[in-house]
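With PDB, C-alpha atoms and all ligand atoms inside, this is data-v4.pdb:
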```
ATOM      1  CA  MET L   1       7.980  -9.965  -7.532  1.00  0.00           C
ATOM      2  CA  VAL L   2       4.804 -11.976  -6.964  1.00  0.00           C
ATOM      3  CA  LYS L   3       2.355 -11.964  -9.856  1.00  0.00           C
ATOM      4  CA  ALA L   4      -0.792 -10.013  -9.049  1.00  0.00           C
ATOM      5  CA  PRO L   5      -3.921 -12.168  -8.592  1.00  0.00           C
ATOM      6  CA  ARG L   6      -6.352 -11.753 -11.450  1.00  0.00           C
ATOM      7  CA  GLY L   7     -10.138 -12.039 -11.697  1.00  0.00           C
ATOM      8  CA  SER L   8     -13.179 -10.289 -10.351  1.00  0.00           C
ATOM      9  CA  ARG L   9     -12.840  -8.821  -6.858  1.00  0.00           C
ATOM     10  CA  GLU L  10     -15.175 -11.519  -5.488  1.00  0.00           C
ATOM     11  CA  ASP L  11     -13.259 -14.341  -7.205  1.00  0.00           C
ATOM     12  CA  ILE L  12      -9.920 -13.161  -5.841  1.00  0.00           C
ATOM     13  CA  ARG L  13     -11.282 -12.884  -2.317  1.00  0.00           C
ATOM     14  CA  ARG L  14     -12.943 -16.287  -2.526  1.00  0.00           C
ATOM     15  CA  ARG L  15      -9.672 -17.890  -3.675  1.00  0.00           C
ATOM     16  CA  GLU L  16      -7.761 -16.240  -0.834  1.00  0.00           C
ATOM     17  CA  ARG L  17     -10.300 -17.443   1.737  1.00  0.00           C
ATOM     18  CA  LYS L  18     -10.193 -20.957   0.341  1.00  0.00           C
ATOM     19  CA  TRP L  19      -6.409 -20.993   0.456  1.00  0.00           C
ATOM     20  CA  LEU L  20      -6.473 -19.676   4.021  1.00  0.00           C
ATOM     21  CA  ALA L  21      -8.806 -22.468   5.159  1.00  0.00           C
ATOM     22  CA  ASN L  22      -5.915 -24.898   4.555  1.00  0.00           C
ATOM     23  CA  ALA L  23      -3.166 -22.759   6.079  1.00  0.00           C
ATOM     24  CA  PRO L  24      -3.088 -23.603   9.797  1.00  0.00           C
ATOM     25  CA  ASP L  25      -0.226 -21.255  10.695  1.00  0.00           C
ATOM     26  CA  TRP L  26      -2.177 -18.172   9.608  1.00  0.00           C
ATOM     27  CA  VAL L  27      -4.294 -16.483  12.300  1.00  0.00           C
ATOM     28  CA  ALA L  28      -7.447 -14.696  11.153  1.00  0.00           C
ATOM     29  CA  VAL L  29      -8.415 -11.748  13.376  1.00  0.00           C
ATOM     30  CA  VAL L  30     -11.553  -9.636  13.150  1.00  0.00           C
ATOM     31  CA  GLY L  31     -10.942  -5.900  13.477  1.00  0.00           C
ATOM     32  CA  GLU L  32      -7.741  -4.365  14.876  1.00  0.00           C
ATOM     33  CA  PRO L  33      -5.369  -7.047  16.203  1.00  0.00           C
ATOM     34  CA  GLN L  34      -3.954  -6.868  19.732  1.00  0.00           C
ATOM     35  CA  PHE L  35      -0.240  -7.501  20.100  1.00  0.00           C
ATOM     36  CA  PRO L  36       1.361  -9.259  23.063  1.00  0.00           C
ATOM     37  CA  PRO L  37       4.136  -7.430  24.972  1.00  0.00           C
ATOM     38  CA  ALA L  38       6.955  -9.092  23.047  1.00  0.00           C
ATOM     39  CA  CYS L  39       9.214  -8.238  20.112  1.00  0.00           C
ATOM     40  CA  VAL L  40       7.655  -9.638  16.936  1.00  0.00           C
ATOM     41  CA  ASN L  41      11.050 -10.866  15.778  1.00  0.00           C
ATOM     42  CA  CYS L  42      12.970 -12.154  18.821  1.00  0.00           C
ATOM     43  CA  GLY L  43      10.327 -12.282  21.571  1.00  0.00           C
ATOM     44  CA  GLN L  44      12.228  -9.984  23.955  1.00  0.00           C
ATOM     45  CA  PRO L  45      10.305  -7.245  25.828  1.00  0.00           C
ATOM     46  CA  PRO L  46       9.468  -4.519  23.293  1.00  0.00           C
ATOM     47  CA  ALA L  47      10.937  -1.028  23.462  1.00  0.00           C
ATOM     48  CA  GLY L  48       8.470   0.445  20.987  1.00  0.00           C
ATOM     49  CA  SER L  49       6.862  -0.416  17.691  1.00  0.00           C
ATOM     50  CA  VAL L  50       7.720  -0.493  14.008  1.00  0.00           C
ATOM     51  CA  GLU L  51       5.391   0.086  11.068  1.00  0.00           C
ATOM     52  CA  ILE L  52       5.353  -2.528   8.297  1.00  0.00           C
ATOM     53  CA  ARG L  53       4.079  -1.647   4.838  1.00  0.00           C
ATOM     54  CA  ARG L  54       2.539  -3.931   2.246  1.00  0.00           C
ATOM     55  CA  VAL L  55       1.107  -3.233  -1.183  1.00  0.00           C
ATOM     56  CA  PHE L  56      -1.532  -5.651  -2.468  1.00  0.00           C
ATOM     57  CA  SER L  57      -1.906  -5.502  -6.242  1.00  0.00           C
ATOM     58  CA  TYR L  58      -4.741  -6.988  -8.256  1.00  0.00           C
ATOM     59  CA  VAL L  59      -5.682  -7.217 -11.886  1.00  0.00           C
ATOM     60  CA  LEU L  60      -9.455  -6.853 -11.783  1.00  0.00           C
ATOM     61  CA  ASP L  61     -11.803  -8.045 -14.504  1.00  0.00           C
ATOM     62  CA  THR L  62     -14.392  -5.299 -14.758  1.00  0.00           C
ATOM     63  CA  SER L  63     -17.160  -4.674 -17.246  1.00  0.00           C
ATOM     64  CA  GLU L  64     -14.885  -2.056 -18.858  1.00  0.00           C
ATOM     65  CA  GLY L  65     -11.895  -4.382 -19.143  1.00  0.00           C
ATOM     66  CA  LEU L  66      -8.864  -5.025 -16.969  1.00  0.00           C
ATOM     67  CA  ASP L  67      -8.135  -2.621 -14.165  1.00  0.00           C
ATOM     68  CA  VAL L  68      -5.013  -2.684 -11.993  1.00  0.00           C
ATOM     69  CA  GLU L  69      -5.675  -1.876  -8.373  1.00  0.00           C
ATOM     70  CA  HIS L  70      -3.127  -1.271  -5.613  1.00  0.00           C
ATOM     71  CA  ILE L  71      -4.021  -1.287  -1.942  1.00  0.00           C
ATOM     72  CA  GLU L  72      -1.433  -0.031   0.520  1.00  0.00           C
ATOM     73  CA  ALA L  73      -1.702  -1.363   4.086  1.00  0.00           C
ATOM     74  CA  PHE L  74       0.293  -0.670   7.222  1.00  0.00           C
ATOM     75  CA  LEU L  75       0.710  -2.705  10.401  1.00  0.00           C
ATOM     76  CA  ARG L  76       2.368  -1.449  13.580  1.00  0.00           C
ATOM     77  CA  VAL L  77       4.096  -4.282  15.439  1.00  0.00           C
ATOM     78  CA  PRO L  78       5.923  -4.349  18.816  1.00  0.00           C
ATOM     79  CA  CYS L  79       9.688  -4.446  18.540  1.00  0.00           C
ATOM     80  CA  CYS L  80      12.723  -4.481  20.884  1.00  0.00           C
ATOM     81  CA  ALA L  81      15.423  -1.816  20.627  1.00  0.00           C
ATOM     82  CA  ALA L  82      17.969  -4.121  18.965  1.00  0.00           C
ATOM     83  CA  CYS L  83      15.578  -5.361  16.258  1.00  0.00           C
ATOM     84  CA  ALA L  84      14.252  -1.817  15.698  1.00  0.00           C
ATOM     85  CA  ALA L  85      17.837  -0.625  15.120  1.00  0.00           C
ATOM     86  CA  THR L  86      18.554  -3.452  12.647  1.00  0.00           C
ATOM     87  CA  HIS L  87      15.237  -2.720  10.914  1.00  0.00           C
ATOM     88  CA  ALA L  88      16.093   0.992  10.620  1.00  0.00           C
ATOM     89  CA  ALA L  89      19.547   0.221   9.205  1.00  0.00           C
ATOM     90  CA  GLU L  90      18.140  -2.215   6.632  1.00  0.00           C
ATOM     91  CA  ALA L  91      15.278   0.119   5.711  1.00  0.00           C
ATOM     92  CA  SER L  92      17.693   3.003   5.106  1.00  0.00           C
ATOM     93  CA  ARG L  93      19.572   0.914   2.544  1.00  0.00           C
ATOM     94  CA  ALA L  94      16.351  -0.040   0.721  1.00  0.00           C
ATOM     95  CA  PRO L  95      15.031   2.177  -2.098  1.00  0.00           C
ATOM     96  CA  GLY L  96      13.105   4.363   0.304  1.00  0.00           C
ATOM     97  CA  SER L  97      11.491   7.262  -1.372  1.00  0.00           C
ATOM     98  CA  THR L  98       9.983   7.958  -4.735  1.00  0.00           C
ATOM     99  CA  SER L  99      12.581   9.687  -6.853  1.00  0.00           C
ATOM    100  CA  TRP L 100      11.754  12.285  -9.482  1.00  0.00           C
ATOM    101  CA  LEU L 101      13.098  10.031 -12.171  1.00  0.00           C
ATOM    102  CA  ARG L 102      10.874   7.171 -10.980  1.00  0.00           C
ATOM    103  CA  THR L 103       7.811   9.422 -11.015  1.00  0.00           C
ATOM    104  CA  LEU L 104       8.536  10.635 -14.534  1.00  0.00           C
ATOM    105  CA  THR L 105       9.301   7.235 -16.004  1.00  0.00           C
ATOM    106  CA  VAL L 106       6.732   4.952 -14.338  1.00  0.00           C
ATOM    107  CA  ASP L 107       4.357   5.707 -17.180  1.00  0.00           C
ATOM    108  CA  GLY L 108       3.921   8.373 -19.817  1.00  0.00           C
ATOM    109  CA  ALA L 109       1.649  10.451 -17.575  1.00  0.00           C
ATOM    110  CA  GLY L 110       4.539  11.734 -15.452  1.00  0.00           C
ATOM    111  CA  ALA L 111       6.564  13.058 -18.381  1.00  0.00           C
ATOM    112  CA  GLY L 112       3.408  14.408 -20.055  1.00  0.00           C
ATOM    113  CA  GLY L 113       2.455  16.205 -16.844  1.00  0.00           C
ATOM    114  CA  LEU L 114       5.866  17.845 -16.656  1.00  0.00           C
ATOM    115  CA  ILE L 115       5.654  19.046 -20.281  1.00  0.00           C
ATOM    116  CA  ILE L 116       2.149  20.486 -19.716  1.00  0.00           C
ATOM    117  CA  CYS L 117       3.378  22.285 -16.587  1.00  0.00           C
ATOM    118  CA  CYS L 118       6.232  23.786 -18.643  1.00  0.00           C
ATOM    119  CA  VAL L 119       3.716  24.964 -21.270  1.00  0.00           C
ATOM    120  CA  GLY L 120       1.764  26.530 -18.371  1.00  0.00           C
ATOM    121  CA  LEU L 121       4.873  28.480 -17.374  1.00  0.00           C
ATOM    122  CA  VAL L 122       5.257  29.754 -20.946  1.00  0.00           C
ATOM    123  CA  PHE L 123       1.633  30.988 -20.789  1.00  0.00           C
ATOM    124  CA  ALA L 124       2.423  32.629 -17.438  1.00  0.00           C
ATOM    125  CA  TYR L 125       5.380  34.432 -18.987  1.00  0.00           C
ATOM    126  CA  ALA L 126       3.175  35.542 -21.915  1.00  0.00           C
ATOM    127  CA  ALA L 127       0.555  36.810 -19.429  1.00  0.00           C
ATOM    128  CA  ALA L 128       3.146  38.772 -17.471  1.00  0.00           C
ATOM    129  CA  THR L 129       4.586  40.413 -20.593  1.00  0.00           C
ATOM    130  CA  SER L 130       1.280  40.976 -22.419  1.00  0.00           C
ATOM    131  CA  ASP L 131       0.441  44.594 -23.385  1.00  0.00           C
ATOM    132  CA  SER L 132      -3.351  44.206 -23.266  1.00  0.00           C
ATOM    133  CA  LEU L 133      -5.405  43.328 -20.205  1.00  0.00           C
ATOM    134  CA  PRO L 134      -7.785  40.907 -22.043  1.00  0.00           C
ATOM    135  CA  GLY L 135      -4.774  39.192 -23.590  1.00  0.00           C
ATOM    136  CA  ALA L 136      -3.099  38.846 -20.191  1.00  0.00           C
ATOM    137  CA  LEU L 137      -6.303  37.443 -18.625  1.00  0.00           C
ATOM    138  CA  ALA L 138      -6.696  34.897 -21.413  1.00  0.00           C
ATOM    139  CA  MET L 139      -3.078  33.818 -20.934  1.00  0.00           C
ATOM    140  CA  LEU L 140      -3.607  33.583 -17.180  1.00  0.00           C
ATOM    141  CA  MET L 141      -6.600  31.300 -17.655  1.00  0.00           C
ATOM    142  CA  MET L 142      -4.567  29.070 -19.944  1.00  0.00           C
ATOM    143  CA  THR L 143      -1.775  29.073 -17.348  1.00  0.00           C
ATOM    144  CA  CYS L 144      -4.221  27.857 -14.680  1.00  0.00           C
ATOM    145  CA  GLY L 145      -5.620  25.163 -16.957  1.00  0.00           C
ATOM    146  CA  ALA L 146      -2.208  23.861 -17.976  1.00  0.00           C
ATOM    147  CA  LEU L 147      -0.811  23.863 -14.434  1.00  0.00           C
ATOM    148  CA  THR L 148      -3.898  22.071 -13.077  1.00  0.00           C
ATOM    149  CA  THR L 149      -3.851  19.412 -15.793  1.00  0.00           C
ATOM    150  CA  GLY L 150      -0.085  18.938 -15.598  1.00  0.00           C
ATOM    151  CA  GLY L 151      -0.183  18.859 -11.799  1.00  0.00           C
ATOM    152  CA  LEU L 152      -2.905  16.189 -11.750  1.00  0.00           C
ATOM    153  CA  LEU L 153      -0.961  14.034 -14.213  1.00  0.00           C
ATOM    154  CA  LEU L 154       2.209  14.398 -12.143  1.00  0.00           C
ATOM    155  CA  PHE L 155       0.326  13.545  -8.951  1.00  0.00           C
ATOM    156  CA  GLY L 156      -1.192  10.433 -10.548  1.00  0.00           C
ATOM    157  CA  ALA L 157       2.224   9.278 -11.760  1.00  0.00           C
ATOM    158  CA  TRP L 158       3.745   9.926  -8.334  1.00  0.00           C
ATOM    159  CA  LYS L 159       1.038   7.814  -6.687  1.00  0.00           C
ATOM    160  CA  GLN L 160       1.595   5.050  -9.241  1.00  0.00           C
ATOM    161  CA  SER L 161       5.346   5.103  -8.686  1.00  0.00           C
ATOM    162  CA  ARG L 162       4.833   4.800  -4.933  1.00  0.00           C
ATOM    163  CA  PHE L 163       3.013   1.523  -5.461  1.00  0.00           C
ATOM    164  CA  SER L 164       5.738   0.196  -7.723  1.00  0.00           C
ATOM    165  CA  LEU L 165       8.214   0.747  -4.880  1.00  0.00           C
ATOM    166  CA  PRO L 166       8.874  -2.538  -3.039  1.00  0.00           C
ATOM    167  CA  SER L 167       8.329  -2.537   0.721  1.00  0.00           C
ATOM    168  CA  ALA L 168      11.615  -2.521   2.641  1.00  0.00           C
ATOM    169  CA  ASP L 169      12.848  -6.060   3.315  1.00  0.00           C
ATOM    170  CA  THR L 170      14.006  -5.973   6.940  1.00  0.00           C
ATOM    171  CA  VAL L 171      14.373  -8.253   9.944  1.00  0.00           C
ATOM    172  CA  VAL L 172      11.005  -6.976  11.236  1.00  0.00           C
ATOM    173  CA  SER L 173       9.105  -7.077   7.933  1.00  0.00           C
ATOM    174  CA  ARG L 174      10.266 -10.681   7.404  1.00  0.00           C
ATOM    175  CA  ALA L 175       8.969 -11.612  10.894  1.00  0.00           C
ATOM    176  CA  VAL L 176       5.351 -10.929  10.022  1.00  0.00           C
ATOM    177  CA  GLU L 177       3.099 -11.473   7.022  1.00  0.00           C
ATOM    178  CA  PHE L 178      -0.475 -10.321   6.655  1.00  0.00           C
ATOM    179  CA  THR L 179      -3.191 -10.515   4.046  1.00  0.00           C
ATOM    180  CA  ASP L 180      -5.369  -7.826   2.603  1.00  0.00           C
ATOM    181  CA  LEU L 181      -8.831  -7.404   4.154  1.00  0.00           C
ATOM    182  CA  LEU L 182     -10.848 -10.514   3.284  1.00  0.00           C
ATOM    183  CA  GLN L 183     -14.400  -9.910   4.507  1.00  0.00           C
ATOM    184  CA  GLU L 184     -17.324 -10.567   2.217  1.00  0.00           C
ATOM    185  CA  GLY L 185     -20.830  -9.151   2.245  1.00  0.00           C
ATOM    186  CA  ARG L 186     -21.791  -7.825   5.660  1.00  0.00           C
ATOM    187  CA  GLU L 187     -18.949  -9.426   7.599  1.00  0.00           C
ATOM    188  CA  PRO L 188     -16.867  -7.122   9.796  1.00  0.00           C
ATOM    189  CA  PRO L 189     -13.385  -6.410   8.360  1.00  0.00           C
ATOM    190  CA  TRP L 190     -10.785  -9.098   9.047  1.00  0.00           C
ATOM    191  CA  ARG L 191      -7.423 -10.226   7.777  1.00  0.00           C
ATOM    192  CA  ALA L 192      -4.987 -13.035   8.536  1.00  0.00           C
ATOM    193  CA  TYR L 193      -1.488 -12.880  10.039  1.00  0.00           C
ATOM    194  CA  ARG L 194       1.488 -15.193  10.164  1.00  0.00           C
ATOM    195  CA  PHE L 195       4.577 -14.854  12.374  1.00  0.00           C
ATOM    196  CA  ARG L 196       7.960 -16.442  11.864  1.00  0.00           C
ATOM    197  CA  ASN L 197       8.529 -16.654  15.631  1.00  0.00           C
ATOM    198  CA  ASP L 198       6.356 -19.564  16.884  1.00  0.00           C
ATOM    199  CA  ALA L 199       6.361 -18.350  20.495  1.00  0.00           C
ATOM    200  CA  PHE L 200       5.168 -14.923  19.351  1.00  0.00           C
ATOM    201  CA  ALA L 201       2.499 -16.535  17.171  1.00  0.00           C
ATOM    202  CA  ALA L 202       1.159 -18.425  20.207  1.00  0.00           C
ATOM    203  CA  LEU L 203       1.097 -15.218  22.290  1.00  0.00           C
ATOM    204  CA  PHE L 204      -0.657 -13.437  19.419  1.00  0.00           C
ATOM    205  CA  ARG L 205      -3.379 -16.093  19.278  1.00  0.00           C
ATOM    206  CA  GLU L 206      -3.847 -15.744  23.037  1.00  0.00           C
ATOM    207  CA  ALA L 207      -4.012 -11.933  22.928  1.00  0.00           C
ATOM    208  CA  ASN L 208      -6.704 -12.098  20.225  1.00  0.00           C
ATOM    209  CA  ALA L 209      -8.664 -15.051  21.590  1.00  0.00           C
ATOM    210  CA  ASP L 210     -11.879 -13.033  21.680  1.00  0.00           C
ATOM    211  CA  ARG L 211     -11.539 -11.771  18.101  1.00  0.00           C
ATOM    212  CA  LEU L 212     -10.231 -14.827  16.262  1.00  0.00           C
ATOM    213  CA  ARG L 213     -12.187 -15.658  13.195  1.00  0.00           C
ATOM    214  CA  GLY L 214     -13.170 -19.248  12.517  1.00  0.00           C
ATOM    215  CA  LYS L 215     -11.415 -20.699   9.487  1.00  0.00           C
ATOM    216  CA  PRO L 216     -13.266 -19.581   6.367  1.00  0.00           C
ATOM    217  CA  SER L 217     -13.957 -23.115   5.212  1.00  0.00           C
ATOM    218  CA  ARG L 218     -17.127 -22.135   3.382  1.00  0.00           C
ATOM    219  CA  THR L 219     -18.674 -18.966   2.079  1.00  0.00           C
ATOM    220  CA  LYS L 220     -22.287 -17.992   2.502  1.00  0.00           C
ATOM    221  CA  ASN L 221     -22.968 -17.240  -1.120  1.00  0.00           C
ATOM    222  CA  GLY L 222     -20.314 -19.250  -2.906  1.00  0.00           C
TER
HETATM  223 ZN    ZN T 301      13.715  -8.088  18.983  1.00  0.00          ZN
END
```

Starting from the file, give its structure as structure tokens.
Amino acid sequence: MVKAPRGSREDIRRRERKWLANAPDWVAVVGEPQFPPACVNCGQPPAGSVEIRRVFSYVLDTSEGLDVEHIEAFLRVPCCAACAATHAAEASRAPGSTSWLRTLTVDGAGAGGLIICCVGLVFAYAAATSDSLPGALAMLMMTCGALTTGGLLLFGAWKQSRFSLPSADTVVSRAVEFTDLLQEGREPPWRAYRFRNDAFAALFREANADRLRGKPSRTKNG
């Protein structure tokens, strides 16, 4: 797994832009890219499209210390029937979904959330079997509190475990690479793309001729 870039958000972006300025096979496109009518992998006429997922992870230096940030991005690319079938077969063999075990073990929050939810259920049982109305109400309130807290912890752990899941490595996902959004200041959003198939890369450049971004050789404020 690639080590997450580290620094302030601005530093990381500046480094990426600098690196990109010397990477001629990457195509920087402003806004939503247009795709040519060709399979991203083999160049045949496309039968549909396939969604590629990437997770960009950063270790950010903030005033409160280090903060890990994950950004999930998706790109829908044109694909022929044969490549789509191979992609689907490969994706089905990859660790696809977030398992319960993964959610509970990714960090302590998942297991803690489960325990707090269980305590909530004990309170619920106490509320249901309580003889006095005030006692039952108090138990009910504690049930709500415990279930909310436990649920939030579980949800946070589930989200975290989703990011730790690698994107499926398939014939289609290997055919295309893309960066996170790289705009600075008041620039419109843009990112860069690279295609393994040279003919497709040329068609892609053509299809986006009016939205290509000049190479970020210098930054306005850096
Ligand atoms: Zn194909």

Go through chain L and flag each residue having an atom no more than 7 Å from ligand ZN 301 (chain T); for those, report the closest pair of atoms plus their distance in Å to one decimal, using all atoms listed in the file, ordered by chain and rising number, as a Markdown table.
```
| residue | atom | partner | partner_atom | distance |
| --- | --- | --- | --- | --- |
| L:Cys39 | CA | T:ZN301 | ZN | 4.6 |
| L:Val40 | CA | T:ZN301 | ZN | 6.6 |
| L:Asn41 | CA | T:ZN301 | ZN | 5.0 |
| L:Cys42 | CA | T:ZN301 | ZN | 4.1 |
| L:Gly43 | CA | T:ZN301 | ZN | 6.0 |
| L:Gln44 | CA | T:ZN301 | ZN | 5.5 |
| L:Cys79 | CA | T:ZN301 | ZN | 5.4 |
| L:Cys80 | CA | T:ZN301 | ZN | 4.2 |
| L:Ala81 | CA | T:ZN301 | ZN | 6.7 |
| L:Ala82 | CA | T:ZN301 | ZN | 5.8 |
| L:Cys83 | CA | T:ZN301 | ZN | 4.3 |
```

Those same residues, written as a PDB file, in the coordinates of the input with C-alpha atoms?
```pdb
ATOM      1  CA  CYS L  39       9.214  -8.238  20.112  1.00  0.00           C
ATOM      2  CA  VAL L  40       7.655  -9.638  16.936  1.00  0.00           C
ATOM      3  CA  ASN L  41      11.050 -10.866  15.778  1.00  0.00           C
ATOM      4  CA  CYS L  42      12.970 -12.154  18.821  1.00  0.00           C
ATOM      5  CA  GLY L  43      10.327 -12.282  21.571  1.00  0.00           C
ATOM      6  CA  GLN L  44      12.228  -9.984  23.955  1.00  0.00           C
ATOM      7  CA  CYS L  79       9.688  -4.446  18.540  1.00  0.00           C
ATOM      8  CA  CYS L  80      12.723  -4.481  20.884  1.00  0.00           C
ATOM      9  CA  ALA L  81      15.423  -1.816  20.627  1.00  0.00           C
ATOM     10  CA  ALA L  82      17.969  -4.121  18.965  1.00  0.00           C
ATOM     11  CA  CYS L  83      15.578  -5.361  16.258  1.00  0.00           C
TER      12      CYS L  83
END
```

Fill in: Nearest-residue call for L:Val171, choices L:Glu90, L:Asp11, L:Asp198, L:Asp61, using all atoms listed in the file
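Nearest candidate to L:Val171 out of L:Glu90, L:Asp11, L:Asp198, L:Asp61: L:Glu90.
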
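You will find atom CA of L:Ala157 at 23.5 Å from atom CA of L:Phe123.
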
Using the chain letters and numbers from this file, what does the PyMOL selection byres (((chain L and resi 172-182) around 9) and not hetatm) select? Give the answer as a short mmCIF file (atom, residue, chain, number, x, y, z; two decimals) with C-alpha atoms, keeping the file's coordinate frame.
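Just written: selection18.cif:
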```cif
data_model
loop_
_atom_site.label_atom_id
_atom_site.label_comp_id
_atom_site.auth_asym_id
_atom_site.auth_seq_id
_atom_site.Cartn_x
_atom_site.Cartn_y
_atom_site.Cartn_z
CA ARG L 13 -11.28 -12.88 -2.32
CA ARG L 14 -12.94 -16.29 -2.53
CA GLU L 16 -7.76 -16.24 -0.83
CA ARG L 17 -10.30 -17.44 1.74
CA TRP L 26 -2.18 -18.17 9.61
CA VAL L 40 7.66 -9.64 16.94
CA ASN L 41 11.05 -10.87 15.78
CA CYS L 42 12.97 -12.15 18.82
CA VAL L 50 7.72 -0.49 14.01
CA GLU L 51 5.39 0.09 11.07
CA ILE L 52 5.35 -2.53 8.30
CA ARG L 53 4.08 -1.65 4.84
CA ARG L 54 2.54 -3.93 2.25
CA VAL L 55 1.11 -3.23 -1.18
CA PHE L 56 -1.53 -5.65 -2.47
CA ILE L 71 -4.02 -1.29 -1.94
CA GLU L 72 -1.43 -0.03 0.52
CA ALA L 73 -1.70 -1.36 4.09
CA LEU L 75 0.71 -2.70 10.40
CA VAL L 77 4.10 -4.28 15.44
CA CYS L 79 9.69 -4.45 18.54
CA CYS L 83 15.58 -5.36 16.26
CA ALA L 84 14.25 -1.82 15.70
CA THR L 86 18.55 -3.45 12.65
CA HIS L 87 15.24 -2.72 10.91
CA SER L 167 8.33 -2.54 0.72
CA ALA L 168 11.62 -2.52 2.64
CA ASP L 169 12.85 -6.06 3.32
CA THR L 170 14.01 -5.97 6.94
CA VAL L 171 14.37 -8.25 9.94
CA GLN L 183 -14.40 -9.91 4.51
CA GLU L 184 -17.32 -10.57 2.22
CA PRO L 189 -13.38 -6.41 8.36
CA TRP L 190 -10.78 -9.10 9.05
CA ARG L 191 -7.42 -10.23 7.78
CA ALA L 192 -4.99 -13.04 8.54
CA TYR L 193 -1.49 -12.88 10.04
CA ARG L 194 1.49 -15.19 10.16
CA PHE L 195 4.58 -14.85 12.37
CA ARG L 196 7.96 -16.44 11.86
CA ASN L 197 8.53 -16.65 15.63
#
```

Report, as JSON, the centre and edge lengths in Å (one decimal) of the axis-aligned box enclosing every listed atom of stretch 62-71 of chain L, padded by 5 Å on each side.
```
{"center_x": -10.1, "center_y": -3.3, "center_z": -10.5, "size_x": 24.0, "size_y": 14.0, "size_z": 27.2}
```

Response to the item:
Between L:Leu121, L:Ala38, L:Leu154, L:Ala4, smallest distance to L:Phe204 by all atoms listed in the file belongs to L:Ala38

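Our summary of the geometry notes that atom CA of L:Asn22 is positioned 19.7 Å from atom CA of L:Arg211.
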
Practice prompt. Let me know the residues the PyMOL selection byres (((chain L and resi 142-152) around 10) and not hetatm) catches in the file above, as a ChimeraX atom specification.
Written response: /L:109-127,136-141,153-158

Worksheet entry | Nearest-residue call for L:Leu212, choices L:Pro33, L:Gly65, L:Gly135, L:Gly48, using only C-alpha atoms |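 Between L:Pro33, L:Gly65, L:Gly135, L:Gly48, the residue approaching L:Leu212 most closely is L:Pro33.
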
Fill in: Pairwise distance for atom CA of L:Leu60 and atom CA of L:Gly185, rounded to one decimal in Å
18.2 Å

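Those residues that approach L:Gln34 to within 9 Å, counting only C-alpha atoms, are Glu32, Pro36, Phe204, Ala207 and Asn208 of chain L; same-chain residues fewer than 2 positions away are not listed.
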
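Compared by their closest atoms to L:Lys3, and using only C-alpha atoms, the residues L:Val30, L:Tyr58, L:Glu64, L:Trp19 rank with L:Tyr58 nearest.
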